[in-house]
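Student: My structure is in entry-v6.pdb, and what it holds is PDB, C-alpha atoms, pLDDT in the B column:
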ATOM      1  CA  MET A  10       4.617  11.947  -9.985  1.00 54.00           C
ATOM      2  CA  PRO A  11       5.824   8.315  -9.863  1.00 56.00           C
ATOM      3  CA  SER A  12       9.399   7.781 -11.039  1.00 73.00           C
ATOM      4  CA  LYS A  13       8.493   4.330 -12.397  1.00 81.00           C
ATOM      5  CA  SER A  14       5.743   3.355 -14.792  1.00 90.00           C
ATOM      6  CA  LEU A  15       2.651   1.912 -13.163  1.00 92.00           C
ATOM      7  CA  PRO A  16       2.263  -1.874 -13.221  1.00 92.00           C
ATOM      8  CA  GLU A  17       0.055  -3.349 -15.936  1.00 93.00           C
ATOM      9  CA  ILE A  18      -3.176  -4.838 -14.607  1.00 94.00           C
ATOM     10  CA  LEU A  19      -3.476  -8.264 -16.232  1.00 95.00           C
ATOM     11  CA  ALA A  20      -6.659  -9.379 -14.452  1.00 95.00           C
ATOM     12  CA  ARG A  21      -9.112  -8.081 -11.865  1.00 94.00           C
ATOM     13  CA  ASN A  22     -11.373 -10.517  -9.963  1.00 94.00           C
ATOM     14  CA  THR A  23     -13.671 -10.286  -6.954  1.00 93.00           C
ATOM     15  CA  VAL A  24     -12.514 -13.055  -4.607  1.00 94.00           C
ATOM     16  CA  ALA A  25     -14.804 -12.431  -1.597  1.00 93.00           C
ATOM     17  CA  LYS A  26     -17.844 -10.333  -0.879  1.00 92.00           C
ATOM     18  CA  SER A  27     -19.904  -9.412   2.171  1.00 91.00           C
ATOM     19  CA  ARG A  28     -22.831  -7.094   2.700  1.00 86.00           C
ATOM     20  CA  LEU A  29     -20.419  -4.175   3.171  1.00 81.00           C
ATOM     21  CA  PHE A  30     -17.151  -5.069   1.436  1.00 83.00           C
ATOM     22  CA  ALA A  31     -15.734  -6.793  -1.630  1.00 89.00           C
ATOM     23  CA  ILE A  32     -12.157  -8.046  -1.882  1.00 90.00           C
ATOM     24  CA  GLU A  33     -10.566  -7.779  -5.286  1.00 90.00           C
ATOM     25  CA  ALA A  34      -7.475  -9.603  -6.571  1.00 93.00           C
ATOM     26  CA  LEU A  35      -5.294  -7.713  -9.041  1.00 90.00           C
ATOM     27  CA  ASP A  36      -2.853  -9.672 -11.200  1.00 94.00           C
ATOM     28  CA  LEU A  37      -0.058  -7.205 -11.970  1.00 91.00           C
ATOM     29  CA  ARG A  38       3.024  -7.117 -14.179  1.00 91.00           C
ATOM     30  CA  PHE A  39       5.694  -4.661 -13.078  1.00 93.00           C
ATOM     31  CA  SER A  40       8.035  -2.803 -15.438  1.00 92.00           C
ATOM     32  CA  ASN A  41      10.847  -5.282 -14.668  1.00 93.00           C
ATOM     33  CA  GLY A  42       8.647  -8.207 -15.781  1.00 93.00           C
ATOM     34  CA  GLU A  43       7.832  -9.495 -12.269  1.00 94.00           C
ATOM     35  CA  GLN A  44       4.222 -10.604 -11.787  1.00 95.00           C
ATOM     36  CA  ARG A  45       2.303 -10.601  -8.514  1.00 94.00           C
ATOM     37  CA  THR A  46      -1.244 -10.855  -7.271  1.00 95.00           C
ATOM     38  CA  TYR A  47      -2.311  -8.123  -4.842  1.00 92.00           C
ATOM     39  CA  GLU A  48      -5.541  -8.148  -2.851  1.00 91.00           C
ATOM     40  CA  ARG A  49      -7.363  -4.991  -1.884  1.00 88.00           C
ATOM     41  CA  MET A  50     -10.769  -3.727  -0.892  1.00 84.00           C
ATOM     42  CA  LYS A  51     -12.635  -3.197  -4.153  1.00 85.00           C
ATOM     43  CA  PRO A  52     -13.074   0.549  -4.672  1.00 80.00           C
ATOM     44  CA  SER A  53     -16.595   1.666  -3.782  1.00 82.00           C
ATOM     45  CA  GLY A  54     -16.311   5.049  -5.448  1.00 80.00           C
ATOM     46  CA  ARG A  55     -17.396   6.733  -2.195  1.00 86.00           C
ATOM     47  CA  ASN A  56     -15.176   8.925  -0.106  1.00 93.00           C
ATOM     48  CA  ALA A  57     -15.643  10.222   3.422  1.00 95.00           C
ATOM     49  CA  VAL A  58     -15.192  13.260   5.652  1.00 98.00           C
ATOM     50  CA  MET A  59     -14.005  13.867   9.205  1.00 98.00           C
ATOM     51  CA  MET A  60     -14.364  17.134  11.049  1.00 98.00           C
ATOM     52  CA  VAL A  61     -12.538  18.678  14.009  1.00 98.00           C
ATOM     53  CA  PRO A  62     -15.336  20.872  15.425  1.00 98.00           C
ATOM     54  CA  ILE A  63     -14.166  23.775  17.585  1.00 98.00           C
ATOM     55  CA  THR A  64     -16.657  25.864  19.549  1.00 97.00           C
ATOM     56  CA  GLU A  65     -16.304  29.617  20.054  1.00 96.00           C
ATOM     57  CA  ASN A  66     -15.546  28.794  23.713  1.00 95.00           C
ATOM     58  CA  GLY A  67     -12.492  26.811  22.635  1.00 94.00           C
ATOM     59  CA  ASP A  68     -13.794  23.264  23.053  1.00 97.00           C
ATOM     60  CA  LEU A  69     -13.220  20.367  20.676  1.00 98.00           C
ATOM     61  CA  LEU A  70     -16.393  18.340  20.098  1.00 98.00           C
ATOM     62  CA  LEU A  71     -15.860  14.588  19.885  1.00 98.00           C
ATOM     63  CA  VAL A  72     -18.156  11.570  19.850  1.00 97.00           C
ATOM     64  CA  ARG A  73     -17.889   8.319  21.719  1.00 96.00           C
ATOM     65  CA  GLU A  74     -19.373   5.471  19.704  1.00 94.00           C
ATOM     66  CA  TYR A  75     -19.182   1.703  19.506  1.00 94.00           C
ATOM     67  CA  ALA A  76     -16.512   0.324  17.158  1.00 92.00           C
ATOM     68  CA  ALA A  77     -17.043  -3.299  16.139  1.00 90.00           C
ATOM     69  CA  GLY A  78     -13.363  -3.648  15.153  1.00 88.00           C
ATOM     70  CA  THR A  79     -12.124  -3.069  18.695  1.00 89.00           C
ATOM     71  CA  GLU A  80     -15.335  -4.275  20.368  1.00 90.00           C
ATOM     72  CA  ASN A  81     -15.256  -1.143  22.501  1.00 92.00           C
ATOM     73  CA  TYR A  82     -16.512   2.435  22.674  1.00 95.00           C
ATOM     74  CA  GLU A  83     -13.997   4.736  21.029  1.00 95.00           C
ATOM     75  CA  LEU A  84     -13.552   8.499  21.178  1.00 97.00           C
ATOM     76  CA  GLY A  85     -13.082  10.333  17.897  1.00 97.00           C
ATOM     77  CA  PHE A  86     -14.202  13.171  15.693  1.00 98.00           C
ATOM     78  CA  PRO A  87     -17.484  13.157  13.744  1.00 98.00           C
ATOM     79  CA  LYS A  88     -17.155  11.432  10.385  1.00 97.00           C
ATOM     80  CA  GLY A  89     -19.130   9.755   7.642  1.00 95.00           C
ATOM     81  CA  LEU A  90     -19.502   8.878   3.998  1.00 94.00           C
ATOM     82  CA  ILE A  91     -20.139  11.406   1.263  1.00 96.00           C
ATOM     83  CA  ASP A  92     -23.546  10.655  -0.269  1.00 95.00           C
ATOM     84  CA  PRO A  93     -23.892  10.489  -4.081  1.00 94.00           C
ATOM     85  CA  GLY A  94     -24.243  14.001  -5.504  1.00 95.00           C
ATOM     86  CA  GLU A  95     -22.937  15.619  -2.318  1.00 97.00           C
ATOM     87  CA  SER A  96     -19.739  17.670  -2.056  1.00 97.00           C
ATOM     88  CA  ALA A  97     -17.284  16.978   0.750  1.00 97.00           C
ATOM     89  CA  GLN A  98     -18.326  20.271   2.384  1.00 98.00           C
ATOM     90  CA  GLU A  99     -22.028  19.380   2.207  1.00 98.00           C
ATOM     91  CA  ALA A 100     -21.325  15.941   3.674  1.00 98.00           C
ATOM     92  CA  ALA A 101     -19.266  17.508   6.466  1.00 98.00           C
ATOM     93  CA  VAL A 102     -22.083  19.835   7.532  1.00 98.00           C
ATOM     94  CA  ARG A 103     -24.680  17.031   7.295  1.00 98.00           C
ATOM     95  CA  GLU A 104     -22.566  14.626   9.353  1.00 97.00           C
ATOM     96  CA  LEU A 105     -21.965  17.289  12.009  1.00 98.00           C
ATOM     97  CA  LYS A 106     -25.720  17.814  12.325  1.00 98.00           C
ATOM     98  CA  GLU A 107     -26.370  14.069  12.498  1.00 97.00           C
ATOM     99  CA  GLU A 108     -23.612  13.188  14.962  1.00 96.00           C
ATOM    100  CA  ILE A 109     -23.211  16.195  17.270  1.00 97.00           C
ATOM    101  CA  GLY A 110     -26.263  18.391  16.630  1.00 96.00           C
ATOM    102  CA  PHE A 111     -24.330  21.313  15.146  1.00 97.00           C
ATOM    103  CA  GLY A 112     -23.733  22.685  11.663  1.00 97.00           C
ATOM    104  CA  ALA A 113     -20.724  24.802  10.690  1.00 98.00           C
ATOM    105  CA  HIS A 114     -20.571  28.077   8.790  1.00 98.00           C
ATOM    106  CA  SER A 115     -16.802  27.702   8.393  1.00 98.00           C
ATOM    107  CA  LEU A 116     -15.005  24.600   7.112  1.00 98.00           C
ATOM    108  CA  THR A 117     -11.261  24.649   6.591  1.00 98.00           C
ATOM    109  CA  PRO A 118      -9.937  21.697   4.578  1.00 98.00           C
ATOM    110  CA  LEU A 119      -6.800  20.226   6.132  1.00 98.00           C
ATOM    111  CA  LYS A 120      -5.839  17.244   3.948  1.00 97.00           C
ATOM    112  CA  ASP A 121      -7.178  14.260   2.047  1.00 95.00           C
ATOM    113  CA  VAL A 122      -5.923  11.044   3.640  1.00 95.00           C
ATOM    114  CA  VAL A 123      -6.068   7.351   2.735  1.00 91.00           C
ATOM    115  CA  LEU A 124      -6.278   4.818   5.545  1.00 83.00           C
ATOM    116  CA  ALA A 125      -3.985   2.149   4.059  1.00 83.00           C
ATOM    117  CA  PRO A 126      -3.113   2.796   0.388  1.00 83.00           C
ATOM    118  CA  SER A 127      -1.983  -0.785  -0.190  1.00 83.00           C
ATOM    119  CA  TYR A 128      -5.495  -2.024   0.555  1.00 81.00           C
ATOM    120  CA  PHE A 129      -7.932   0.898   0.221  1.00 79.00           C
ATOM    121  CA  SER A 130      -8.498   3.617  -2.356  1.00 83.00           C
ATOM    122  CA  SER A 131     -11.173   5.687  -0.607  1.00 86.00           C
ATOM    123  CA  ARG A 132     -10.129   9.116   0.564  1.00 93.00           C
ATOM    124  CA  MET A 133     -11.222  10.991   3.648  1.00 95.00           C
ATOM    125  CA  THR A 134     -11.197  14.790   3.629  1.00 97.00           C
ATOM    126  CA  LEU A 135     -10.266  16.251   7.014  1.00 98.00           C
ATOM    127  CA  PHE A 136     -11.743  19.627   8.011  1.00 98.00           C
ATOM    128  CA  ILE A 137     -11.675  22.089  10.876  1.00 98.00           C
ATOM    129  CA  ALA A 138     -15.308  23.068  11.561  1.00 98.00           C
ATOM    130  CA  GLN A 139     -15.873  26.443  13.201  1.00 98.00           C
ATOM    131  CA  ASP A 140     -18.605  29.058  13.612  1.00 98.00           C
ATOM    132  CA  LEU A 141     -20.928  26.297  14.795  1.00 98.00           C
ATOM    133  CA  TYR A 142     -24.703  26.627  15.083  1.00 97.00           C
ATOM    134  CA  SER A 143     -27.241  24.321  16.686  1.00 96.00           C
ATOM    135  CA  GLU A 144     -29.134  22.038  14.276  1.00 95.00           C
ATOM    136  CA  GLN A 145     -29.921  18.335  14.601  1.00 95.00           C
ATOM    137  CA  LEU A 146     -30.540  15.839  11.785  1.00 93.00           C
ATOM    138  CA  GLU A 147     -31.419  12.194  12.287  1.00 93.00           C
ATOM    139  CA  GLY A 148     -28.427   9.954  11.631  1.00 89.00           C
ATOM    140  CA  ASP A 149     -28.056   6.248  10.924  1.00 87.00           C
ATOM    141  CA  GLU A 150     -26.378   5.249  14.197  1.00 88.00           C
ATOM    142  CA  PRO A 151     -28.070   2.420  16.142  1.00 89.00           C
ATOM    143  CA  GLU A 152     -27.901   4.392  19.410  1.00 91.00           C
ATOM    144  CA  PRO A 153     -27.387   8.052  20.343  1.00 90.00           C
ATOM    145  CA  LEU A 154     -23.732   9.078  20.236  1.00 93.00           C
ATOM    146  CA  GLU A 155     -22.177  10.530  23.363  1.00 95.00           C
ATOM    147  CA  LEU A 156     -20.982  14.103  22.765  1.00 96.00           C
ATOM    148  CA  VAL A 157     -17.684  14.827  24.543  1.00 97.00           C
ATOM    149  CA  ARG A 158     -16.365  18.373  24.976  1.00 97.00           C
ATOM    150  CA  TRP A 159     -12.589  18.605  25.310  1.00 97.00           C
ATOM    151  CA  PRO A 160     -10.779  21.910  25.941  1.00 97.00           C
ATOM    152  CA  LEU A 161      -8.673  22.856  22.922  1.00 95.00           C
ATOM    153  CA  ALA A 162      -6.051  24.135  25.380  1.00 95.00           C
ATOM    154  CA  GLN A 163      -5.654  20.511  26.565  1.00 95.00           C
ATOM    155  CA  ALA A 164      -5.605  18.933  23.093  1.00 95.00           C
ATOM    156  CA  GLU A 165      -2.143  17.442  23.614  1.00 92.00           C
ATOM    157  CA  GLU A 166      -3.539  15.393  26.529  1.00 94.00           C
ATOM    158  CA  LEU A 167      -6.134  13.902  24.198  1.00 95.00           C
ATOM    159  CA  LEU A 168      -3.300  12.165  22.335  1.00 93.00           C
ATOM    160  CA  THR A 169      -2.605  10.000  25.393  1.00 93.00           C
ATOM    161  CA  HIS A 170      -6.258   9.237  26.197  1.00 93.00           C
ATOM    162  CA  LEU A 171      -6.778   5.448  26.084  1.00 91.00           C
ATOM    163  CA  ASP A 172      -9.879   5.404  23.875  1.00 92.00           C
ATOM    164  CA  PHE A 173      -8.674   8.128  21.463  1.00 96.00           C
ATOM    165  CA  SER A 174      -6.737   5.756  19.224  1.00 94.00           C
ATOM    166  CA  GLU A 175      -8.122   6.026  15.699  1.00 93.00           C
ATOM    167  CA  ALA A 176      -5.287   7.044  13.377  1.00 94.00           C
ATOM    168  CA  ARG A 177      -7.509   9.333  11.299  1.00 94.00           C
ATOM    169  CA  SER A 178      -8.704  11.237  14.393  1.00 96.00           C
ATOM    170  CA  ILE A 179      -5.129  11.599  15.642  1.00 97.00           C
ATOM    171  CA  THR A 180      -4.037  12.835  12.218  1.00 97.00           C
ATOM    172  CA  ALA A 181      -6.942  15.293  12.067  1.00 97.00           C
ATOM    173  CA  LEU A 182      -6.121  16.638  15.528  1.00 98.00           C
ATOM    174  CA  LEU A 183      -2.425  17.112  14.773  1.00 97.00           C
ATOM    175  CA  LEU A 184      -3.152  18.826  11.439  1.00 97.00           C
ATOM    176  CA  ALA A 185      -5.761  21.053  13.089  1.00 97.00           C
ATOM    177  CA  LEU A 186      -3.330  22.064  15.835  1.00 97.00           C
ATOM    178  CA  ARG A 187      -0.637  22.829  13.256  1.00 96.00           C
ATOM    179  CA  HIS A 188      -3.115  24.907  11.223  1.00 97.00           C
ATOM    180  CA  LEU A 189      -4.326  26.834  14.269  1.00 95.00           C
ATOM    181  CA  GLN A 190      -0.731  27.650  15.296  1.00 93.00           C
ATOM    182  CA  SER A 191       0.163  29.091  11.884  1.00 86.00           C
TER     183      SER A 191
END
Would you mind writing the file out in structure tokens?

Tutor:
Amino acid sequence: MPSKSLPEILARNTVAKSRLFAIEALDLRFSNGEQRTYERMKPSGRNAVMMVPITENGDLLLVREYAAGTENYELGFPKGLIDPGESAQEAAVRELKEEIGFGAHSLTPLKDVVLAPSYFSSRMTLFIAQDLYSEQLEGDEPEPLELVRWPLAQAEELLTHLDFSEARSITALLLALRHLQS
């Protein structure tokens, strides 16, 4: 619960828009009378999921896919948007099938995270996915994703791997390891 009252929103304007994103300016008045304009990604109303899939043999399943932001192939956990009308659990199982060719009978929610709360409002639900079964769905990726098996027993080494750098994947891994140790 915030200890201060929330700022009053005086105005809300879209200042830039692309095919994928809209930037919104918020004119705010704080409880002490100060006024500022903040810019943020306009909320899309869609959240996302990321899964840490663990096989019965004790392997983590990751994907290597192209990331336009870094202009490189990056290693991370399967993830994707929640479609309208879908629960986070349903989206998690669908994304697993699309990205790694497995569904999961067991999903353990770890935490809802926000990438950068000053600029984004969308939440990502992190799960451990276990009791995996083989099933493939067609995804929306432009090329097949590379499936990478990583021994859970060597998960700490993954943290130093050069192309495992996405903060959400690192967070998911650390939360999964903490959960598995409890």

Student: I'd like the residues picked by the PyMOL selection byres ((chain A and resi 118-122) around 10) written out as a ChimeraX atom specification, using the chain letters and numbers from the file.

Tutor: /A:56-61,97-98,115-117,123-126,130-138,177,180-181,184-185,187-188

Student: Around (-9.5, -2.7, -6.6) in the file's own coordinates, what residues are found within 9 Å if you use all atoms listed in the file, given back as a PyMOL selection string?

Tutor: chain A and resi 21-23+31-35+48-53+128-130

Student: As a compact mmCIF listing (two decimals) with C-alpha atoms, in the coordinates of the input, please: the residues near Glu83 of chain A (cut-off 8 Å, all atoms listed in the file, same-chain neighbours under 6 positions excluded).

Tutor:
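Writing done, so here's around.txt:
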# COMPACT_ATOMS: atom_id res chain seq x y z
CA ARG A 73 -17.89 8.32 21.72
CA GLU A 74 -19.37 5.47 19.70
CA TYR A 75 -19.18 1.70 19.51
CA ALA A 76 -16.51 0.32 17.16
CA ASP A 172 -9.88 5.40 23.88
CA PHE A 173 -8.67 8.13 21.46
CA SER A 174 -6.74 5.76 19.22

Student: A:Gly110, A:Gly78, A:Gly89, A:Pro160: which is nearest Asn66 of chain A, counting all atoms listed in the file?

Tutor: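 Looking only at the distances to Asn66 of chain A, the closest residue turns out to be A:Pro160.
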
Student: To one decimal in Å, tell me the separation between atom CA of Leu182 of chain A and atom CA of Pro153 of chain A.

Tutor: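 Distance between the two atoms: 23.4 Å.
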
Student: Just the number, please: distance in Å from atom CA of Tyr47 of chain A to atom CA of Ala25 of chain A, one decimal.

Tutor: 13.6 Å

Student: Please identify all polymer residues within 8 Å of Ile63 of chain A, counting only C-alpha atoms, omitting same-chain residues fewer than 2 positions from it, and present them as a ChimeraX atom specification.

Tutor: /A:61,65,67-70,137-141,161

Student: Just say which residues the PyMOL selection byres ((chain A and resi 93) around 12) picks in this file, as a PyMOL selection string.

Tutor: chain A and resi 53-57+90-92+94-97+99-100

Student: With C-alpha atoms retained, could you export that selection as a PDB file, in the frame of the given file?

Tutor:
ATOM      1  CA  SER A  53     -16.595   1.666  -3.782  1.00 82.00           C
ATOM      2  CA  GLY A  54     -16.311   5.049  -5.448  1.00 80.00           C
ATOM      3  CA  ARG A  55     -17.396   6.733  -2.195  1.00 86.00           C
ATOM      4  CA  ASN A  56     -15.176   8.925  -0.106  1.00 93.00           C
ATOM      5  CA  ALA A  57     -15.643  10.222   3.422  1.00 95.00           C
ATOM      6  CA  LEU A  90     -19.502   8.878   3.998  1.00 94.00           C
ATOM      7  CA  ILE A  91     -20.139  11.406   1.263  1.00 96.00           C
ATOM      8  CA  ASP A  92     -23.546  10.655  -0.269  1.00 95.00           C
ATOM      9  CA  GLY A  94     -24.243  14.001  -5.504  1.00 95.00           C
ATOM     10  CA  GLU A  95     -22.937  15.619  -2.318  1.00 97.00           C
ATOM     11  CA  SER A  96     -19.739  17.670  -2.056  1.00 97.00           C
ATOM     12  CA  ALA A  97     -17.284  16.978   0.750  1.00 97.00           C
ATOM     13  CA  GLU A  99     -22.028  19.380   2.207  1.00 98.00           C
ATOM     14  CA  ALA A 100     -21.325  15.941   3.674  1.00 98.00           C
TER      15      ALA A 100
END

Student: Report, in Å to a single decimal, how far apart atom CA of Leu154 of chain A and atom CA of Leu84 of chain A are.

Tutor: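 Between these atoms lies a distance of 10.2 Å.
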
Student: Please identify all polymer residues within 10 Å of Glu155 of chain A, counting all atoms listed in the file, omitting same-chain residues fewer than 3 positions from it, and present them as a PyMOL selection string.

Tutor: chain A and resi 71-74+82+84+108-109+152+158

Student: Which residue, A:Asp149, A:Arg38, A:Asn81, A:Ser127, has the smallest gap to Leu15 of chain A when you use all atoms listed in the file?

Tutor: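 For Leu15 of chain A, the nearest of the given residues is A:Arg38.
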
Student: Suppose a student applies the PyMOL selection byres ((chain A and resi 39) around 10) to this structure; what residues should they get, written as a ChimeraX atom specification?

Tutor: /A:13-18,37-38,40-45

Student: Got time to write the residues from that selection, C-alpha atoms, as an mmCIF file, in the frame of the given file?

Tutor:
data_model
loop_
_atom_site.group_PDB
_atom_site.id
_atom_site.type_symbol
_atom_site.label_atom_id
_atom_site.label_comp_id
_atom_site.auth_asym_id
_atom_site.auth_seq_id
_atom_site.Cartn_x
_atom_site.Cartn_y
_atom_site.Cartn_z
ATOM 1 C CA LYS A 13 8.493 4.330 -12.397
ATOM 2 C CA SER A 14 5.743 3.355 -14.792
ATOM 3 C CA LEU A 15 2.651 1.912 -13.163
ATOM 4 C CA PRO A 16 2.263 -1.874 -13.221
ATOM 5 C CA GLU A 17 0.055 -3.349 -15.936
ATOM 6 C CA ILE A 18 -3.176 -4.838 -14.607
ATOM 7 C CA LEU A 37 -0.058 -7.205 -11.970
ATOM 8 C CA ARG A 38 3.024 -7.117 -14.179
ATOM 9 C CA SER A 40 8.035 -2.803 -15.438
ATOM 10 C CA ASN A 41 10.847 -5.282 -14.668
ATOM 11 C CA GLY A 42 8.647 -8.207 -15.781
ATOM 12 C CA GLU A 43 7.832 -9.495 -12.269
ATOM 13 C CA GLN A 44 4.222 -10.604 -11.787
ATOM 14 C CA ARG A 45 2.303 -10.601 -8.514
#

Student: Could you tell me, as a PyMOL selection string, which residues have any atom at most 9 Å from (-31.0, 12.7, 12.7), counting all atoms listed in the file?

Tutor: chain A and resi 106-108+110+145-150

Student: Which residue out of A:Thr46, A:Ser143, A:Glu80, A:Arg103 has the minimum interatomic distance to Thr64 of chain A when all atoms listed in the file are used?

Tutor: A:Ser143

Student: Keeping just N, CA, C and O atoms, export segment 76-93 of chain A of this structure as a compact mmCIF listing (two decimals), in the first residue's frame.

Tutor:
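Output below, filename selection15.txt:
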# COMPACT_ATOMS: atom_id res chain seq x y z
N ALA A 76 16.99 -11.67 -31.34
CA ALA A 76 16.47 -10.53 -30.60
C ALA A 76 16.90 -9.26 -31.34
O ALA A 76 18.09 -8.97 -31.43
N ALA A 77 15.92 -8.55 -31.89
CA ALA A 77 16.24 -7.34 -32.66
C ALA A 77 16.90 -6.27 -31.80
O ALA A 77 17.72 -5.50 -32.29
N GLY A 78 16.57 -6.22 -30.50
CA GLY A 78 17.15 -5.21 -29.62
C GLY A 78 18.66 -5.33 -29.50
O GLY A 78 19.36 -4.32 -29.48
N THR A 79 19.17 -6.54 -29.42
CA THR A 79 20.61 -6.75 -29.29
C THR A 79 21.24 -7.12 -30.63
O THR A 79 22.47 -7.23 -30.70
N GLU A 80 20.41 -7.32 -31.65
CA GLU A 80 20.87 -7.74 -32.97
C GLU A 80 21.72 -9.00 -32.87
O GLU A 80 22.78 -9.12 -33.49
N ASN A 81 21.23 -9.95 -32.07
CA ASN A 81 21.97 -11.18 -31.84
C ASN A 81 20.99 -12.29 -31.47
O ASN A 81 19.84 -12.03 -31.14
N TYR A 82 21.46 -13.53 -31.51
CA TYR A 82 20.68 -14.65 -31.00
C TYR A 82 20.90 -14.74 -29.51
O TYR A 82 22.03 -14.70 -29.03
N GLU A 83 19.81 -14.82 -28.78
CA GLU A 83 19.85 -14.84 -27.32
C GLU A 83 19.25 -16.14 -26.80
O GLU A 83 18.33 -16.70 -27.40
N LEU A 84 19.74 -16.59 -25.67
CA LEU A 84 19.27 -17.79 -25.01
C LEU A 84 18.34 -17.39 -23.87
O LEU A 84 18.67 -16.52 -23.07
N GLY A 85 17.17 -17.99 -23.82
CA GLY A 85 16.22 -17.67 -22.76
C GLY A 85 15.15 -18.73 -22.65
O GLY A 85 15.15 -19.72 -23.38
N PHE A 86 14.23 -18.51 -21.75
CA PHE A 86 13.13 -19.45 -21.55
C PHE A 86 11.98 -19.11 -22.49
O PHE A 86 11.82 -17.96 -22.91
N PRO A 87 11.14 -20.11 -22.80
CA PRO A 87 9.97 -19.85 -23.65
C PRO A 87 9.07 -18.80 -23.02
O PRO A 87 8.89 -18.77 -21.80
N LYS A 88 8.51 -17.96 -23.87
CA LYS A 88 7.67 -16.86 -23.37
C LYS A 88 6.72 -16.41 -24.47
O LYS A 88 6.91 -16.73 -25.65
N GLY A 89 5.73 -15.62 -24.10
CA GLY A 89 4.83 -15.06 -25.09
C GLY A 89 3.67 -14.33 -24.44
O GLY A 89 3.47 -14.38 -23.23
N LEU A 90 2.91 -13.66 -25.29
CA LEU A 90 1.75 -12.90 -24.84
C LEU A 90 0.58 -13.81 -24.50
O LEU A 90 0.41 -14.88 -25.09
N ILE A 91 -0.24 -13.34 -23.58
CA ILE A 91 -1.50 -14.01 -23.26
C ILE A 91 -2.53 -13.51 -24.26
O ILE A 91 -2.74 -12.30 -24.39
N ASP A 92 -3.16 -14.43 -24.99
CA ASP A 92 -4.18 -14.04 -25.97
C ASP A 92 -5.47 -13.63 -25.26
O ASP A 92 -5.75 -14.10 -24.14
N PRO A 93 -6.28 -12.77 -25.89
CA PRO A 93 -7.56 -12.38 -25.29
C PRO A 93 -8.41 -13.61 -24.97
O PRO A 93 -8.50 -14.55 -25.77
